[in-house]
Every structure is written in structure tokens, then in C-alpha cells.
file run_8.cif (mmCIF, C-alpha atoms)
data_protein
#
loop_
_atom_site.label_atom_id
_atom_site.label_comp_id
_atom_site.auth_asym_id
_atom_site.auth_seq_id
_atom_site.Cartn_x
_atom_site.Cartn_y
_atom_site.Cartn_z
CA LEU A 84 0.52 -5.56 13.89
CA GLY A 85 2.62 -8.72 13.85
CA PRO A 86 5.66 -10.45 15.33
CA HIS A 87 7.89 -8.73 12.74
CA VAL A 88 7.34 -5.33 14.39
CA THR A 89 10.29 -4.00 16.41
CA GLY A 90 11.30 -0.63 17.79
CA GLY A 91 13.97 -0.32 15.10
CA LEU A 92 11.45 -1.01 12.35
CA ILE A 93 9.05 1.64 13.67
CA LYS A 94 11.85 4.23 13.81
CA ALA A 95 13.02 3.37 10.29
CA LEU A 96 9.51 3.60 8.84
CA GLY A 97 8.88 6.87 10.69
CA PHE A 98 12.06 8.38 9.26
CA ASP A 99 11.16 7.11 5.80
CA ASN A 100 7.65 8.52 6.05
CA VAL A 101 8.91 12.02 6.83
CA PHE A 102 10.28 12.31 3.30
CA SER A 103 7.46 10.37 1.67
CA ASN A 104 4.92 12.72 3.24
CA GLY A 105 7.09 15.73 2.41
CA LEU A 106 7.09 15.04 -1.31
CA THR A 107 3.29 15.40 -1.47
CA GLY A 108 3.49 19.12 -0.74
CA TYR A 109 0.75 18.91 1.90
CA ASP A 110 0.96 20.40 5.37
CA VAL A 111 1.25 17.03 7.07
CA GLY A 112 3.80 15.60 9.43
CA SER A 113 4.70 11.96 9.87
CA SER A 114 4.25 9.26 12.46
CA VAL A 115 4.36 5.47 12.48
CA GLY A 116 3.21 3.09 15.17
CA GLY A 117 2.55 -0.57 15.70
CA SER A 118 2.92 -3.53 18.02
CA ASP A 119 4.41 -7.03 17.97
CA PHE A 120 0.97 -8.37 18.94
CA ASN A 121 0.05 -11.08 16.42
CA PRO A 122 -3.70 -10.90 15.62
CA PHE A 123 -3.68 -14.03 13.47
CA ASP A 124 -3.26 -16.52 16.30
CA LYS A 125 -5.57 -14.75 18.78
CA SER A 126 -9.28 -15.04 19.44
CA GLU A 127 -11.64 -12.25 18.43
CA ALA A 128 -12.09 -11.29 22.08
CA GLU A 129 -8.31 -11.03 22.58
CA VAL A 130 -7.92 -8.83 19.49
CA GLN A 131 -10.76 -6.59 20.64
CA ARG A 132 -9.28 -6.17 24.12
CA PHE A 133 -5.86 -5.39 22.68
CA CYS A 134 -7.28 -2.76 20.31
CA GLN A 135 -9.15 -1.13 23.19
CA SER A 136 -6.04 -1.00 25.37
CA TYR A 137 -3.96 0.31 22.48
CA MET A 138 -6.43 3.12 21.70
CA THR A 139 -6.65 4.13 25.37
CA GLU A 140 -3.06 5.37 25.04
CA LEU A 141 -3.17 6.33 21.34
CA ALA A 142 -6.20 8.59 21.93
CA LYS A 143 -3.87 11.20 23.40
CA TYR A 144 -2.28 11.73 19.99
CA VAL A 145 -5.06 11.20 17.42
CA GLY A 146 -8.50 12.60 16.75
CA PRO A 147 -10.57 14.79 14.40
CA ASP A 148 -8.36 17.47 12.80
CA ILE A 149 -5.31 16.06 14.64
CA ASP A 150 -4.22 12.77 13.08
CA ASP A 151 -5.95 9.82 11.45
CA PRO A 152 -4.89 6.22 12.15
CA THR A 153 -4.83 4.14 8.98
CA MET A 154 -4.97 0.47 8.14
CA GLY A 155 -1.81 -1.58 7.79
CA MET A 156 -0.53 -5.11 8.04
CA GLY A 157 -2.75 -6.98 10.50
CA VAL A 158 -5.08 -3.99 10.83
CA ALA A 159 -8.21 -4.09 8.66
CA GLU A 160 -11.74 -2.70 8.98
CA LYS A 161 -12.62 -4.89 11.96
CA GLU A 162 -9.61 -3.75 14.00
CA MET A 163 -10.25 -0.14 13.00
CA GLY A 164 -13.80 -0.55 14.28
CA TYR A 165 -12.56 -1.74 17.66
CA LEU A 166 -10.12 1.18 17.83
CA PHE A 167 -12.77 3.73 16.90
CA GLY A 168 -15.26 2.25 19.37
CA GLN A 169 -12.79 2.74 22.21
CA TYR A 170 -11.99 6.28 21.03
CA LYS A 171 -15.71 7.15 21.20
CA ARG A 172 -15.93 5.80 24.75
CA ILE A 173 -13.24 8.12 26.08
CA ASN A 174 -13.72 11.24 23.93
CA ALA A 175 -16.73 13.51 23.55
CA LYS A 176 -15.65 14.74 20.08
CA PHE A 177 -15.09 12.08 17.45
CA THR A 178 -16.33 13.70 14.25
CA SER A 179 -15.16 16.37 11.81
CA GLY A 180 -17.95 17.94 9.81
CA ASN A 181 -20.34 15.37 11.29
CA VAL A 182 -18.26 12.56 9.73
CA PRO A 183 -16.32 10.12 12.01
CA PHE A 184 -12.60 10.76 11.64
CA MET A 185 -11.92 7.02 11.32
CA ASN A 186 -14.31 6.23 8.46
CA LYS A 187 -14.37 3.42 5.88
CA LYS A 188 -14.37 5.74 2.87
CA SER A 189 -10.58 6.00 2.75
CA SER A 190 -9.81 2.29 3.09
CA GLU A 191 -9.49 1.62 -0.64
CA VAL A 192 -7.78 4.88 -1.64
CA PRO A 193 -4.16 3.71 -1.05
CA GLY A 194 -4.68 0.78 -3.44
CA LYS A 195 -6.37 2.97 -6.04
CA ALA A 196 -3.52 5.48 -5.84
CA VAL A 197 -0.94 2.73 -6.44
CA VAL A 198 -2.70 1.77 -9.69
CA LEU A 199 -2.93 5.42 -10.77
CA PHE A 200 0.83 5.80 -10.30
CA ALA A 201 1.36 2.70 -12.45
CA LYS A 202 -0.92 4.28 -15.06
CA GLU A 203 1.19 7.46 -15.08
CA MET A 204 4.39 5.42 -15.38
CA LEU A 205 3.06 3.52 -18.40
CA LYS A 206 1.82 6.74 -20.00
CA ASP A 207 5.46 7.89 -20.21
CA ILE A 208 6.20 5.03 -22.60
CA ASN A 209 2.94 5.47 -24.53
CA GLN A 210 1.27 2.42 -23.04
CA SER A 211 -1.78 1.79 -20.87
CA LEU A 212 -2.99 -0.74 -18.33
CA MET A 213 -5.43 -2.26 -20.81
CA GLY A 214 -4.68 -5.97 -21.23
CA LYS A 215 -1.65 -5.94 -18.93
CA ARG A 216 -1.21 -9.21 -17.01
CA CYS A 217 -0.51 -8.22 -13.40
CA LEU A 218 1.13 -10.24 -10.66
CA ILE A 219 -0.11 -9.20 -7.19
CA VAL A 220 2.02 -10.24 -4.21
CA GLY A 221 -0.08 -10.12 -1.04
CA SER A 222 -3.81 -10.40 -0.39
CA GLY A 223 -4.63 -7.71 2.15
CA LYS A 224 -6.97 -4.74 1.77
CA THR A 225 -4.52 -2.80 -0.42
CA ALA A 226 -3.84 -5.80 -2.67
CA ARG A 227 -7.56 -6.37 -3.23
CA ALA A 228 -8.18 -2.65 -3.87
CA ILE A 229 -5.39 -2.75 -6.46
CA ALA A 230 -7.02 -5.72 -8.19
CA SER A 231 -10.39 -3.95 -8.25
CA LYS A 232 -8.90 -0.80 -9.79
CA LEU A 233 -6.90 -2.82 -12.32
CA LEU A 234 -10.12 -4.43 -13.51
CA GLU A 235 -11.60 -0.96 -14.07
CA TYR A 236 -8.75 -0.17 -16.46
CA GLY A 237 -9.01 -3.46 -18.32
CA ALA A 238 -5.90 -5.04 -16.76
CA ILE A 239 -5.79 -8.71 -15.76
CA PRO A 240 -4.92 -9.56 -12.13
CA LEU A 241 -3.37 -13.02 -12.03
CA THR A 242 -2.41 -13.84 -8.45
CA PHE A 243 -2.77 -13.23 -4.74
CA SER A 244 -0.51 -14.61 -2.02
CA ASP A 245 -0.26 -15.02 1.74
CA GLU A 246 1.66 -17.11 4.28
CA SER A 247 0.22 -20.33 2.86
CA GLY A 248 1.37 -19.69 -0.70
CA HIS A 249 -0.23 -18.18 -3.79
CA VAL A 250 -3.27 -18.70 -5.99
CA TYR A 251 -2.89 -18.25 -9.75
CA GLU A 252 -5.70 -17.84 -12.25
CA PRO A 253 -4.14 -18.27 -15.74
CA SER A 254 -7.05 -16.45 -17.40
CA GLY A 255 -7.21 -13.73 -14.77
CA ILE A 256 -9.18 -12.91 -11.63
CA ASP A 257 -12.48 -11.25 -12.55
CA ALA A 258 -14.82 -9.28 -10.26
CA SER A 259 -16.70 -12.39 -9.14
CA LYS A 260 -13.51 -14.26 -8.22
CA LEU A 261 -12.21 -11.17 -6.45
CA ARG A 262 -15.35 -11.05 -4.29
CA THR A 263 -14.83 -14.70 -3.34
CA ILE A 264 -11.21 -14.03 -2.34
CA SER A 265 -12.24 -10.94 -0.36
CA ASN A 266 -14.86 -12.94 1.56
CA ILE A 267 -12.23 -15.54 2.44
CA LYS A 268 -9.71 -12.97 3.64
CA LEU A 269 -12.29 -11.23 5.81
CA ASP A 270 -12.18 -14.26 8.12
CA ARG A 271 -9.35 -13.76 10.60
CA GLY A 272 -6.50 -16.15 9.93
CA ALA A 273 -8.14 -17.62 6.80
CA MET A 274 -5.67 -18.70 4.11
CA LEU A 275 -5.93 -18.37 0.35
CA GLY A 276 -5.84 -22.14 -0.11
CA ARG A 277 -9.58 -22.17 0.57
CA TYR A 278 -10.15 -20.37 -2.72
CA VAL A 279 -9.28 -23.42 -4.87
CA ILE A 280 -12.41 -25.15 -3.54
CA SER A 281 -14.57 -22.56 -5.29
CA SER A 282 -12.60 -22.38 -8.56
CA THR A 283 -12.02 -25.09 -11.14
CA THR A 284 -9.33 -23.08 -12.93
CA ALA A 285 -7.19 -21.83 -10.04
CA LYS A 286 -3.72 -23.19 -9.36
CA PHE A 287 -2.38 -23.23 -5.82
CA ASN A 288 1.42 -22.92 -5.42
CA GLU A 289 1.83 -23.93 -9.06
CA PRO A 290 4.45 -23.00 -10.11
CA SER A 291 6.09 -23.21 -6.70
CA ASN A 292 7.62 -19.72 -7.01
CA ILE A 293 5.17 -16.92 -7.76
CA PHE A 294 7.86 -14.98 -9.63
CA ASP A 295 8.07 -17.75 -12.25
CA ILE A 296 4.66 -16.66 -13.56
CA SER A 297 4.83 -14.64 -16.77
CA CYS A 298 3.47 -11.11 -16.31
CA ASP A 299 3.68 -7.54 -17.57
CA LEU A 300 3.58 -5.79 -14.19
CA CYS A 301 4.21 -6.83 -10.60
CA PHE A 302 2.41 -5.10 -7.71
CA SER A 303 4.17 -5.95 -4.45
CA CYS A 304 1.98 -5.66 -1.34
CA GLY A 305 3.86 -8.28 0.65
CA PRO A 306 6.19 -8.10 3.65
CA ILE A 307 9.29 -5.93 3.88
CA LYS A 308 12.10 -7.17 1.59
CA SER A 309 9.81 -9.62 -0.20
CA ILE A 310 11.41 -8.86 -3.58
CA ASP A 311 15.15 -9.46 -3.78
CA ALA A 312 17.60 -9.39 -6.69
CA GLU A 313 16.87 -13.02 -7.59
CA ALA A 314 13.14 -12.31 -7.78
CA VAL A 315 13.82 -9.34 -10.08
CA THR A 316 15.87 -11.58 -12.37
CA GLN A 317 13.02 -14.09 -12.55
CA LEU A 318 10.48 -11.35 -13.25
CA ALA A 319 12.63 -9.77 -15.96
CA ASP A 320 13.32 -13.13 -17.60
CA ASN A 321 9.56 -13.73 -17.74
CA GLY A 322 8.84 -10.44 -19.50
CA CYS A 323 7.91 -8.19 -16.58
CA MET A 324 8.25 -4.54 -17.60
CA GLY A 325 7.62 -2.87 -14.23
CA VAL A 326 7.57 -3.41 -10.46
CA ILE A 327 5.25 -1.21 -8.40
CA GLU A 328 5.68 -1.18 -4.63
CA ALA A 329 2.43 -1.12 -2.67
CA GLY A 330 3.97 -1.87 0.71
CA HIS A 331 6.79 -0.35 2.76
CA LYS A 332 10.28 -1.31 1.57
CA ASN A 333 9.17 -4.43 -0.34
CA VAL A 334 12.11 -4.15 -2.74
CA THR A 335 15.63 -4.61 -1.35
CA ILE A 336 18.54 -2.30 -2.21
CA ASP A 337 20.15 -5.01 -4.35
CA ALA A 338 16.82 -5.57 -6.11
CA ARG A 339 16.57 -1.85 -6.95
CA GLN A 340 19.98 -1.99 -8.57
CA ARG A 341 19.01 -5.14 -10.47
CA LEU A 342 15.82 -3.47 -11.72
CA LYS A 343 17.88 -0.62 -13.12
CA SER A 344 20.43 -2.89 -14.78
CA ARG A 345 17.70 -5.01 -16.37
CA GLY A 346 15.77 -1.96 -17.61
CA VAL A 347 12.65 -2.77 -15.56
CA MET A 348 10.55 0.23 -14.52
CA TYR A 349 10.25 0.78 -10.78
CA ALA A 350 7.69 2.78 -8.78
CA PRO A 351 8.96 3.04 -5.17
CA HIS A 352 6.77 3.06 -2.08
CA ILE A 353 7.82 6.60 -1.12
CA VAL A 354 5.87 7.74 -4.19
CA THR A 355 3.10 5.16 -4.58
CA LEU A 356 1.94 5.13 -0.94
CA THR A 357 1.08 8.84 -0.86
CA GLY A 358 -2.62 7.96 -1.27
CA VAL A 359 -3.04 8.06 2.52
CA ASN A 360 -1.80 11.66 2.59
CA ILE A 361 -4.13 12.63 -0.24
CA VAL A 362 -7.04 11.35 1.87
CA HIS A 363 -5.81 13.27 4.92
CA ALA A 364 -5.39 16.52 2.94
CA HIS A 365 -8.77 16.41 1.21
CA LYS A 366 -10.71 14.92 4.14
CA HIS A 367 -14.19 13.78 3.15
CA ASP A 368 -14.35 15.77 -0.10
CA LEU A 369 -12.01 13.45 -1.98
CA THR A 370 -13.40 12.22 -5.31
CA ASP A 371 -11.92 9.83 -7.86
CA ALA A 372 -11.23 12.80 -10.16
CA THR A 373 -9.38 14.67 -7.40
CA LEU A 374 -7.37 11.57 -6.52
CA GLU A 375 -6.29 11.15 -10.14
CA THR A 376 -5.37 14.85 -10.40
CA GLU A 377 -3.26 14.73 -7.24
CA VAL A 378 -1.48 11.54 -8.29
CA HIS A 379 -0.68 13.17 -11.65
CA ARG A 380 0.73 16.26 -9.87
CA ILE A 381 2.89 14.27 -7.44
CA TYR A 382 4.16 11.99 -10.22
CA ASN A 383 5.18 14.97 -12.36
CA ASP A 384 6.95 16.63 -9.41
CA VAL A 385 8.96 13.46 -8.82
CA LYS A 386 9.75 12.96 -12.51
CA SER A 387 10.87 16.59 -12.91
CA ALA A 388 13.15 16.39 -9.88
CA ALA A 389 14.77 13.20 -11.19
CA THR A 390 15.46 14.91 -14.53
CA GLU A 391 16.77 18.08 -12.86
CA PHE A 392 19.28 16.12 -10.77
CA ASN A 393 20.54 14.01 -13.67
CA ALA A 394 18.60 10.86 -12.73
CA ARG A 395 16.05 10.88 -15.53
CA GLY A 396 13.40 8.17 -15.12
CA ASP A 397 14.57 7.19 -11.61
CA LEU A 398 11.44 7.68 -9.49
CA PHE A 399 13.19 6.53 -6.32
CA ALA A 400 15.85 9.22 -6.70
CA GLY A 401 13.29 11.83 -7.73
CA GLY A 402 10.96 11.05 -4.83
CA SER A 403 13.81 11.10 -2.30
CA MET A 404 15.06 14.44 -3.63
CA VAL A 405 11.67 16.15 -3.60
CA GLY A 406 10.94 14.86 -0.09
CA PHE A 407 14.36 15.89 1.26
CA LEU A 408 14.24 19.39 -0.23
CA ARG A 409 10.76 20.11 1.12
CA VAL A 410 11.66 18.84 4.59
CA ALA A 411 14.93 20.83 4.56
CA ASP A 412 13.12 23.99 3.46
CA ALA A 413 10.60 23.57 6.27
CA MET A 414 13.36 23.07 8.84
CA LEU A 415 15.17 26.20 7.65
CA ALA A 416 11.92 28.19 7.73
CA HIS A 417 11.40 27.08 11.32
CA GLY A 418 14.90 28.13 12.31
CA ALA A 419 16.43 24.66 12.52
CA ILE A 420 19.90 24.24 10.99
#

call {"tool": "encode", "arguments": {"input": "run_8.cif", "output": "C-alpha cells"}}
result
Amino acid sequence: LGPHVTGGLIKALGFDNVFSNGLTGYDVGSSVGGSDFNPFDKSEAEVQRFCQSYMTELAKYVGPDIDDPTMGMGVAEKEMGYLFGQYKRINAKFTSGNVPFMNKKSSEVPGKAVVLFAKEMLKDINQSLMGKRCLIVGSGKTARAIASKLLEYGAIPLTFSDESGHVYEPSGIDASKLRTISNIKLDRGAMLGRYVISSTTAKFNEPSNIFDISCDLCFSCGPIKSIDAEAVTQLADNGCMGVIEAGHKNVTIDARQRLKSRGVMYAPHIVTLTGVNIVHAHKHDLTDATLETEVHRIYNDVKSAATEFNARGDLFAGGSMVGFLRVADAMLAHGAI
């Protein structure tokens, strides 16, 4: 949800998702939806009424064992609750295996999967997440799930950002500080600036550009095209060794080329955002061990394809190739040429 949503954007993301979903190897299709309704300048009652109206139409296309709506920009647990409530009102069946098809269990999986892909990428150069200083661009559900998982692996989240700017903790954001930030962001329209009231060490918009902060890894959960070639140059100059996309098309085409020329590792969204599909494929039986196994399998498929097609180490090329070949094979099997 948001004013940035257009028909062209939805079509582009839908096309992109076909290949991203294809590379997972699961029997899943692809669909993308959204609205230019801006929830951040609306009252709670207005958001609730919109979600109910939206689900009245969407209910024709989703449901248990059909398709699962997922969170996205402007859509968090509260909005999902409104959507599910309306679905229950107009449908007799709303569970699969006695579990609601729109449940909270999967809300953190996409963020966890992003971190696991970063872990696999570092493993290739004999390094780990332990002690890595991590820049996080964004502050939504996925960004906070990434920070939580990074803490589990001993990494050090440094920042969060939103429309108001960014907060920077030079010594890192621990579990207690993360809970404070999460509580702030659960209030609709609340900005990160409130966090500095509760922290004596936090810096707000200092330095003025978040990419001037020295880091080892950058996790981008911000808006589309939030990392351009200039941002990559700043990151590389400050010692960043890898950029991991955790949002759709965060890195521009020019930025991808700059990452390659500067020797900075890059994990593209077509690979890292497959956590949603892992949830869909494994339903309610998904465990942390299964998630890690599936991420390892997908990563190796992508890496092998990149090597096979003379693009060794290029995860964007490898992911695109695996996705395209699997979609093409399916089309041929179905008689489409």
C-alpha cells in the first residue's frame, strides 16, 4: 500500500515474481497486488474499512490451499488482521489443517531467510556473520526480523531508517533497543525520531547520509531504487563487502554494475525474497532447520547455474537463469511455445 503503487509497478513486480518463484523449484505460481491507498495519513477506522472492501474482492482469488496474501510495504500484522477478519465474514472455510491460512507464524520468515542467504554468501569466502557491522535501510517488519536474526548470529545491527531519516547506534542495536524500536513502529505513522528520546547513545540523521556510515554489510529493505550507483560508491569506500536486497528492486541497474566493478558482493531480491515461497510450500510444518536447509538448496542451485553459464559468483545472473529455465520448461510441458 502507498502512493507509489501504480498499475505499471504491479505488472513489473508480477513479471519479476514469476521467475523469482520459479527458481525455488516449488509448484507455485505468482501474483502481485496492491493499491495507491496511503495508510500512513489515514485514521484507523479508514484503514479498517479499506482493508474490508479490498478483501471483499480479493476473497475470490485467495483462501486455504489456494493462495496466501503476505505482508508488504504499508501492510503489517494489523492490516492482515483486518483482511482476515473480512475473509472470515464472507467465507465458511478459512482454515487448513485447523490453522488459519493467514497466520502470524510466517511474518518473520522472509527476514530470517534474507539473513540465511547472507550467511551462505559469506560462507563462500570463508567468513561468518559473527561481529559483522550491518547497515539496515528501512524499519518495517522485514527489517526488524533481519536485525533479530543478525543478533542470533552475533552480528551487529547499526541502523534503521524511515521517511524521517535514520537512527544510528555506534555500538550496535541490541535486543532491548530492538524491542523499543519495534514498539515505536507498531504505532501507525510513528517515526524513528522518537527512538532518540529513549537512548542516550543514538544518533539521528548523523551523519546526514546513512551510506556514509562504515559497515561490513548493507541490508536494503527500503523503497524501490533506494540504492543507486553513488550509494554503492559510498558503501564501498567505507569498507562494505556486501549488499543484500531485502525489498523488491532496491538496487538500480547502474548500482548493480557499480557493485560488480567495485568487487562488492551482491545478493539480489529474486534470490533473497524466496522465504515467502518456502513458507507457502511447507505450510505450517516449517521449522528453522527446514528453512535453513531450503535456503542452502536454493543458494546452491543459483550459484551452480551462474558457474555453468560463465557468470561465476553473479547471483543475479544465476537466479535469473534458474528462474527462466524452470518457467520455460513448465511452459513447454504445458504445450505453450

call {"tool": "residues_around", "arguments": {"input": "run_8.cif", "residues": "Leu300 of chain A", "least_positions_apart": "5", "cutoff": "12 Å", "atoms": "all atoms listed in the file", "output": "short mmCIF file (atom, residue, chain, number, x, y, z; two decimals) with C-alpha atoms, keeping the file's coordinate frame"}}
result
data_model
loop_
_atom_site.label_atom_id
_atom_site.label_comp_id
_atom_site.auth_asym_id
_atom_site.auth_seq_id
_atom_site.Cartn_x
_atom_site.Cartn_y
_atom_site.Cartn_z
CA VAL A 198 -2.70 1.77 -9.69
CA ALA A 201 1.36 2.70 -12.45
CA LYS A 202 -0.92 4.28 -15.06
CA MET A 204 4.39 5.42 -15.38
CA LEU A 205 3.06 3.52 -18.40
CA SER A 211 -1.78 1.79 -20.87
CA LEU A 212 -2.99 -0.74 -18.33
CA MET A 213 -5.43 -2.26 -20.81
CA GLY A 214 -4.68 -5.97 -21.23
CA LYS A 215 -1.65 -5.94 -18.93
CA ARG A 216 -1.21 -9.21 -17.01
CA CYS A 217 -0.51 -8.22 -13.40
CA LEU A 218 1.13 -10.24 -10.66
CA ILE A 219 -0.11 -9.20 -7.19
CA VAL A 220 2.02 -10.24 -4.21
CA LEU A 233 -6.90 -2.82 -12.32
CA ALA A 238 -5.90 -5.04 -16.76
CA ILE A 239 -5.79 -8.71 -15.76
CA PRO A 240 -4.92 -9.56 -12.13
CA LEU A 241 -3.37 -13.02 -12.03
CA THR A 242 -2.41 -13.84 -8.45
CA PHE A 294 7.86 -14.98 -9.63
CA VAL A 315 13.82 -9.34 -10.08
CA LEU A 318 10.48 -11.35 -13.25
CA ALA A 319 12.63 -9.77 -15.96
CA ASN A 321 9.56 -13.73 -17.74
CA GLY A 322 8.84 -10.44 -19.50
CA CYS A 323 7.91 -8.19 -16.58
CA MET A 324 8.25 -4.54 -17.60
CA GLY A 325 7.62 -2.87 -14.23
CA VAL A 326 7.57 -3.41 -10.46
CA ILE A 327 5.25 -1.21 -8.40
CA GLU A 328 5.68 -1.18 -4.63
CA VAL A 347 12.65 -2.77 -15.56
CA MET A 348 10.55 0.23 -14.52
CA TYR A 349 10.25 0.78 -10.78
CA ALA A 350 7.69 2.78 -8.78
#

call {"tool": "resolve_selection", "arguments": {"input": "run_8.cif", "expression": "the PyMOL selection byres ((chain A and resi 313) around 12)", "output": "list of chain:residue names"}}
result
A:Asn292, A:Phe294, A:Asp295, A:Lys308, A:Ser309, A:Ile310, A:Asp311, A:Ala312, A:Ala314, A:Val315, A:Thr316, A:Gln317, A:Leu318, A:Ala319, A:Asp320, A:Val334, A:Thr335, A:Asp337, A:Ala338, A:Arg339, A:Gln340, A:Arg341, A:Leu342, A:Arg345

call {"tool": "residues_near_point", "arguments": {"input": "run_8.cif", "point": "(-8.7, 6.9, 27.4)", "cutoff": "12 Å", "atoms": "all atoms listed in the file", "output": "NGL selection string"}}
result
:A and (135-145 or 166-175)

call {"tool": "write_last_selection", "arguments": {"input": "run_8.cif", "atoms": "C-alpha atoms", "output": "compact mmCIF listing (two decimals), in the frame of the given file"}}
result
# COMPACT_ATOMS: atom_id res chain seq x y z
CA GLN A 135 -9.15 -1.13 23.19
CA SER A 136 -6.04 -1.00 25.37
CA TYR A 137 -3.96 0.31 22.48
CA MET A 138 -6.43 3.12 21.70
CA THR A 139 -6.65 4.13 25.37
CA GLU A 140 -3.06 5.37 25.04
CA LEU A 141 -3.17 6.33 21.34
CA ALA A 142 -6.20 8.59 21.93
CA LYS A 143 -3.87 11.20 23.40
CA TYR A 144 -2.28 11.73 19.99
CA VAL A 145 -5.06 11.20 17.42
CA LEU A 166 -10.12 1.18 17.83
CA PHE A 167 -12.77 3.73 16.90
CA GLY A 168 -15.26 2.25 19.37
CA GLN A 169 -12.79 2.74 22.21
CA TYR A 170 -11.99 6.28 21.03
CA LYS A 171 -15.71 7.15 21.20
CA ARG A 172 -15.93 5.80 24.75
CA ILE A 173 -13.24 8.12 26.08
CA ASN A 174 -13.72 11.24 23.93
CA ALA A 175 -16.73 13.51 23.55

call {"tool": "atom_distance", "arguments": {"input": "run_8.cif", "atom1": "atom CA of Asn121 of chain A", "atom2": "atom CA of Val88 of chain A"}}
result
9.5 Å

call {"tool": "atom_distance", "arguments": {"input": "run_8.cif", "atom1": "atom CA of Met163 of chain A", "atom2": "atom CA of Cys301 of chain A"}}
result
28.5 Å

call {"tool": "atom_distance", "arguments": {"input": "run_8.cif", "atom1": "atom CA of His365 of chain A", "atom2": "atom CA of Glu191 of chain A"}}
result
14.9 Å

call {"tool": "resolve_selection", "arguments": {"input": "run_8.cif", "expression": "the PyMOL selection byres ((chain A and resi 410) around 10)", "output": "NGL selection string"}}
result
:A and (101-106 or 108 or 112 or 404-409 or 411-416)

call {"tool": "residues_around", "arguments": {"input": "run_8.cif", "residues": "Thr263 of chain A", "least_positions_apart": "6", "cutoff": "10 Å", "atoms": "only C-alpha atoms", "output": "PyMOL selection string"}}
result
chain A and resi 277-278+281-282

call {"tool": "residues_around", "arguments": {"input": "run_8.cif", "residues": "Ile93 of chain A", "least_positions_apart": "2", "cutoff": "10 Å", "atoms": "only C-alpha atoms", "output": "PyMOL selection string"}}
result
chain A and resi 88-91+95-99+114-118

call {"tool": "resolve_selection", "arguments": {"input": "run_8.cif", "expression": "the PyMOL selection byres ((chain A and resi 381-387) around 12)", "output": "JSON, numbers by chain"}}
result
{"A": [103, 104, 105, 106, 107, 108, 109, 196, 197, 199, 200, 201, 202, 203, 204, 205, 206, 207, 350, 351, 353, 354, 355, 356, 357, 358, 360, 361, 374, 375, 376, 377, 378, 379, 380, 388, 389, 390, 391, 392, 393, 394, 395, 396, 397, 398, 399, 400, 401, 402, 403, 404, 405, 406, 407, 408, 409]}

call {"tool": "write_last_selection", "arguments": {"input": "run_8.cif", "atoms": "C-alpha atoms", "output": "short mmCIF file (atom, residue, chain, number, x, y, z; two decimals), in the coordinates of the input"}}
result
data_model
loop_
_atom_site.label_atom_id
_atom_site.label_comp_id
_atom_site.auth_asym_id
_atom_site.auth_seq_id
_atom_site.Cartn_x
_atom_site.Cartn_y
_atom_site.Cartn_z
CA SER A 103 7.46 10.37 1.67
CA ASN A 104 4.92 12.72 3.24
CA GLY A 105 7.09 15.73 2.41
CA LEU A 106 7.09 15.04 -1.31
CA THR A 107 3.29 15.40 -1.47
CA GLY A 108 3.49 19.12 -0.74
CA TYR A 109 0.75 18.91 1.90
CA ALA A 196 -3.52 5.48 -5.84
CA VAL A 197 -0.94 2.73 -6.44
CA LEU A 199 -2.93 5.42 -10.77
CA PHE A 200 0.83 5.80 -10.30
CA ALA A 201 1.36 2.70 -12.45
CA LYS A 202 -0.92 4.28 -15.06
CA GLU A 203 1.19 7.46 -15.08
CA MET A 204 4.39 5.42 -15.38
CA LEU A 205 3.06 3.52 -18.40
CA LYS A 206 1.82 6.74 -20.00
CA ASP A 207 5.46 7.89 -20.21
CA ALA A 350 7.69 2.78 -8.78
CA PRO A 351 8.96 3.04 -5.17
CA ILE A 353 7.82 6.60 -1.12
CA VAL A 354 5.87 7.74 -4.19
CA THR A 355 3.10 5.16 -4.58
CA LEU A 356 1.94 5.13 -0.94
CA THR A 357 1.08 8.84 -0.86
CA GLY A 358 -2.62 7.96 -1.27
CA ASN A 360 -1.80 11.66 2.59
CA ILE A 361 -4.13 12.63 -0.24
CA LEU A 374 -7.37 11.57 -6.52
CA GLU A 375 -6.29 11.15 -10.14
CA THR A 376 -5.37 14.85 -10.40
CA GLU A 377 -3.26 14.73 -7.24
CA VAL A 378 -1.48 11.54 -8.29
CA HIS A 379 -0.68 13.17 -11.65
CA ARG A 380 0.73 16.26 -9.87
CA ALA A 388 13.15 16.39 -9.88
CA ALA A 389 14.77 13.20 -11.19
CA THR A 390 15.46 14.91 -14.53
CA GLU A 391 16.77 18.08 -12.86
CA PHE A 392 19.28 16.12 -10.77
CA ASN A 393 20.54 14.01 -13.67
CA ALA A 394 18.60 10.86 -12.73
CA ARG A 395 16.05 10.88 -15.53
CA GLY A 396 13.40 8.17 -15.12
CA ASP A 397 14.57 7.19 -11.61
CA LEU A 398 11.44 7.68 -9.49
CA PHE A 399 13.19 6.53 -6.32
CA ALA A 400 15.85 9.22 -6.70
CA GLY A 401 13.29 11.83 -7.73
CA GLY A 402 10.96 11.05 -4.83
CA SER A 403 13.81 11.10 -2.30
CA MET A 404 15.06 14.44 -3.63
CA VAL A 405 11.67 16.15 -3.60
CA GLY A 406 10.94 14.86 -0.09
CA PHE A 407 14.36 15.89 1.26
CA LEU A 408 14.24 19.39 -0.23
CA ARG A 409 10.76 20.11 1.12
#

call {"tool": "decode", "arguments": {"input": "run_8.cif", "residues": "segment 285-292 of chain A", "atoms": "N, CA, C and O atoms", "output": "mmCIF file, in the first residue's frame"}}
result
data_model
loop_
_atom_site.group_PDB
_atom_site.id
_atom_site.type_symbol
_atom_site.label_atom_id
_atom_site.label_comp_id
_atom_site.auth_asym_id
_atom_site.auth_seq_id
_atom_site.Cartn_x
_atom_site.Cartn_y
_atom_site.Cartn_z
ATOM 1 N N ALA A 285 22.121 6.992 20.828
ATOM 2 C CA ALA A 285 21.682 7.009 19.433
ATOM 3 C C ALA A 285 21.947 8.354 18.769
ATOM 4 O O ALA A 285 21.875 9.411 19.402
ATOM 5 N N LYS A 286 22.252 8.285 17.485
ATOM 6 C CA LYS A 286 22.405 9.486 16.663
ATOM 7 C C LYS A 286 21.288 9.489 15.629
ATOM 8 O O LYS A 286 21.011 8.463 14.996
ATOM 9 N N PHE A 287 20.664 10.647 15.457
ATOM 10 C CA PHE A 287 19.573 10.770 14.497
ATOM 11 C C PHE A 287 20.022 11.643 13.332
ATOM 12 O O PHE A 287 20.393 12.806 13.518
ATOM 13 N N ASN A 288 20.016 11.050 12.123
ATOM 14 C CA ASN A 288 20.465 11.737 10.905
ATOM 15 C C ASN A 288 21.882 12.287 11.052
ATOM 16 O O ASN A 288 22.197 13.373 10.546
ATOM 17 N N GLU A 289 22.718 11.543 11.741
ATOM 18 C CA GLU A 289 24.121 11.936 11.913
ATOM 19 C C GLU A 289 24.994 10.703 11.719
ATOM 20 O O GLU A 289 24.947 9.775 12.541
ATOM 21 N N PRO A 290 25.743 10.630 10.596
ATOM 22 C CA PRO A 290 25.874 11.626 9.533
ATOM 23 C C PRO A 290 24.579 11.781 8.732
ATOM 24 O O PRO A 290 23.678 10.956 8.849
ATOM 25 N N SER A 291 24.527 12.816 7.920
ATOM 26 C CA SER A 291 23.289 13.129 7.207
ATOM 27 C C SER A 291 22.925 12.061 6.185
ATOM 28 O O SER A 291 21.750 11.870 5.876
ATOM 29 N N ASN A 292 23.911 11.365 5.642
ATOM 30 C CA ASN A 292 23.664 10.299 4.661
ATOM 31 C C ASN A 292 23.971 8.958 5.317
ATOM 32 O O ASN A 292 25.085 8.721 5.786
#
